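Below: the structure, in structure tokens.
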Amino acid sequence: GSEKVLVKDKSDRATNEQVLDPRTRLILFKMLGRGLIERIDGCVSTGKEANVYHAVGPPAEGAEVPQLVDVDSSAAPPAAADDEPEPSRTTAVRFAPDTAADDSTSAPLVDPSSQVKHIALKIFKTSILVFKDRDRYVTGEFRFKGGYARSNPRKMVRLWAEKELRNLRRMRSAGLRVPEAIEVRENVLVMDFLGQGGADEWQASPRLKDAQIPPEQNHALYIEILVILRAIFYRCRLVHADFSEYNILYHQGHLWVIDVSQSIEHEHPAAFDFLRSDLKNADDFFRKRGVDTLGLTRTFAFVTRDESLAASGSAADETDADAAREVERLLGLAADDAAREEREQAQAQARGEEEQQRPTASDEAVFAQAYIPRTLDQVYDAERDVEKVLRGEGKGLIYADITGVANIHLGGGGGGKKGDEEEEQDV
Ligand code: ADP
Ligand code: MG
């Protein structure tokens, strides 16, 4: 067929041309040819690094492969741009089948809307500039060791798309709510579309940021988000690294995680920095919505606790319900703490003492600033710190529980050399 991939109006042309280079168009035409998708009928999001399109998959059986035709001109007006620097939503590109449904003999017997296979195409942009600032996610990522095709943007972009597919599958097989990844071809990722509606009046599910959430559901969703964060870290051994209300869709009453091309192994040297910022976004979001959240320090401890929350104590047995129960327990403790602090402060004031500094507030500030080493390799002076622990002064070490420093005991004859031995391990 011809290679007419048509763009509806001039204002969108520049955006679309960046993505739909000839090679990308060829990939899409092959998908149409194979019958993986039947038509591409709308742009859901145009972002800095990728555009997302809605496509319709073939109805169950014996579907004819449609031909592409020129688009109609009944463009929906672009949605009002919001003030955020995030992807804007437009409805711009339309690929339409010319075998429109006037063939009544092939009319489906059941309501077509229930049969529609909605598909999302995430098309990564292939321009070099876009990927310059992505290096920080790749450094130290073992899956990229030995070959990061930095000189070839197409190859680089392809790696990102493949990585997103792998991360989606890994999360899905750990039971997380993420779109099912269907396939990836170079810079085009094909996945399930999260939304609703029939073939013609579909709608993408909103981002958490934009979703109309009944206020009484906020508490439950806050627990859900913590369960998700722990599942990503503890079950998938990943850190999302761009986790926020922009990359979570509110779909069928639940939170669905998307945009995982930059997610990193939890062993990545900067994993804890990314994790802390992920957790902060979640905590801030729900606190602004009036939820009494755990705060960053407690959230971090909950998510990274390297110990199964299952009754059996086995990591493989830990379920979302176990994690949710633990969150409820921590929320109860936090509430008790707050009440106790208030009581103590009131008592101190009654005794005429100077008002104590609230430990939680200052602890939170320290934690938010602290450098969190991922492994002993990264501890600035491991030997000094280990000796501190051995002298029983390790309590102040933020990372003591995480890195296992707290569990080091003097063995045999070796004392201070422990740090060097640890460095040999590739953790
Ligand atoms: P980026 O932020 O890098 O542009 P995302 O993966 O976050 O890419 O996708 C951009 C937007 O596209 C999302 O905010 C969401 O609105 C929409 N989107 C992405 N994937 C899907 C999907 N599977 N189903 C429905 N909408 C999606
Ligand atoms: Mg995004």
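All residue names refer to the structure tokens as shown: chains lettered A, B, ... in order, residues numbered from 1 in each chain, ligands numbered from 1 in order.
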
Could the residues that lie within 7 Å of ligand 1, counting only C-alpha atoms and all ligand atoms, be listed as a tab-separated table (two decimals) with C-alpha atoms, in the first residue's frame?
chain	number	residue	atom	x	y	z
A	44	VAL	CA	-3.57	10.37	23.45
A	45	SER	CA	-0.45	12.21	24.51
A	46	THR	CA	2.47	14.03	22.99
A	47	GLY	CA	5.44	14.10	25.28
A	48	LYS	CA	9.08	15.04	25.24
A	49	GLU	CA	10.31	11.51	24.65
A	50	ALA	CA	7.33	9.68	23.25
A	51	ASN	CA	3.86	10.05	21.82
A	52	VAL	CA	1.06	7.70	22.72
A	87	PRO	CA	2.64	15.75	27.80
A	120	ALA	CA	-1.98	1.86	23.03
A	122	LYS	CA	3.86	4.30	22.62
A	179	PRO	CA	-0.85	-2.43	30.94
A	191	MET	CA	0.36	-2.50	24.89
A	192	ASP	CA	-3.13	-2.69	26.24
A	193	PHE	CA	-4.96	0.59	26.30
A	194	LEU	CA	-6.34	1.60	29.67
A	195	GLY	CA	-9.60	3.31	29.01
A	204	ALA	CA	-8.29	7.06	28.02
A	205	SER	CA	-8.37	6.61	31.77
A	206	PRO	CA	-7.19	9.74	33.55
A	207	ARG	CA	-3.86	10.21	35.22
A	246	TYR	CA	1.58	11.80	36.18
A	247	ASN	CA	2.59	8.20	35.61
A	249	LEU	CA	-3.59	6.02	35.69
A	258	ILE	CA	2.77	3.25	33.48
A	259	ASP	CA	5.87	4.82	31.95

Item to check | DSSP helix (DSSP H, G or I) residues within range 199-381 of chain A, listed as a PyMOL selection string | outcome: chain A and resi 215-235+271-288+296-304+315-317+320-350+359-369+376-378

Checklist outcome for this item: note - CA of Ala370 in chain A and CA of Glu265 in chain A are separated by 21.1 Å

Item to check | Selected residue, from A:Ile223, A:Val260, A:Leu26, A:Leu159, that lies nearest to ligand 2 when counting only C-alpha atoms and all ligand atoms | outcome: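 Going through A:Ile223, A:Val260, A:Leu26, A:Leu159 one by one, the smallest distance to ligand 2 is for A:Val260.
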
Item to check | Residue contacts of range 293-298 of chain A (8 Å, only C-alpha atoms) excluding same-chain residues fewer than 4 positions away, as a PyMOL selection string | outcome: chain A and resi 222+276+279-280+283+286-287+302+330-331+334+363-364+367-368

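Between CA of Ala282 in chain A and CA of Ala220 in chain A lies a distance of 13.3 Å.
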
Item to check | Who sits within 8 Å of range 162-178 of chain A, only C-alpha atoms, same chain under 2 positions skipped, as a list in words | outcome: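 What passes the distance filter is Arg158, Leu159, Trp160, Glu180, Ala181, Glu183, Val184, Glu186, Leu189, Ile228, Ala231, Ile232, Arg235, Cys236, Leu255, Trp256, Val257, Ile258, Asp259, Val260, Ser261, Gln262 and Ser263 of chain A.
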
Checklist entry - Could you pull out all residues of range 214-307 of chain A with a DSSP call of strand (DSSP E) and give them as a list in words? => result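 Answer for range 214-307 of chain A, restricted to strand (DSSP E): Leu238, Val239, Ile248, Leu249, Tyr250, His251, His254, Leu255, Trp256, Val257, Ile264 and Glu265 of chain A.
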
Any chance you could export the current selection's N, CA and C atoms as a short mmCIF file (atom, residue, chain, number, x, y, z; two decimals), in the first residue's frame?
data_model
loop_
_atom_site.label_atom_id
_atom_site.label_comp_id
_atom_site.auth_asym_id
_atom_site.auth_seq_id
_atom_site.Cartn_x
_atom_site.Cartn_y
_atom_site.Cartn_z
N LEU A 238 12.89 -3.61 41.41
CA LEU A 238 13.05 -2.45 40.55
C LEU A 238 12.73 -1.17 41.32
N VAL A 239 13.19 -0.06 40.78
CA VAL A 239 12.73 1.25 41.25
C VAL A 239 12.14 1.95 40.04
N ILE A 248 0.69 7.46 36.82
CA ILE A 248 -0.24 6.47 37.37
C ILE A 248 -1.59 6.79 36.76
N LEU A 249 -2.24 5.79 36.22
CA LEU A 249 -3.59 6.02 35.69
C LEU A 249 -4.61 5.48 36.68
N TYR A 250 -5.69 6.22 36.80
CA TYR A 250 -6.79 5.79 37.64
C TYR A 250 -7.78 5.07 36.74
N HIS A 251 -7.80 3.76 36.87
CA HIS A 251 -8.54 2.93 35.92
C HIS A 251 -9.32 1.88 36.69
N HIS A 254 -8.82 1.65 40.39
CA HIS A 254 -7.52 1.31 40.95
C HIS A 254 -6.40 2.14 40.31
N LEU A 255 -5.21 1.98 40.88
CA LEU A 255 -4.04 2.71 40.38
C LEU A 255 -3.23 1.78 39.48
N TRP A 256 -2.96 2.24 38.28
CA TRP A 256 -2.19 1.45 37.32
C TRP A 256 -0.90 2.20 37.00
N VAL A 257 0.18 1.50 37.09
CA VAL A 257 1.49 2.11 36.88
C VAL A 257 1.85 2.08 35.39
N ILE A 264 14.73 1.23 37.03
CA ILE A 264 16.08 0.68 37.18
C ILE A 264 16.08 -0.48 38.15
N GLU A 265 17.09 -1.31 38.04
CA GLU A 265 17.30 -2.39 38.99
C GLU A 265 17.50 -1.78 40.37
#

Checklist entry - Quick one: of A:Gln345, A:Gln115, A:Asn281, A:Ser244, who's nearest to ligand 2, counting only C-alpha atoms and all ligand atoms? => result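 Of the candidates, the smallest distance to ligand 2 is held by A:Ser244.
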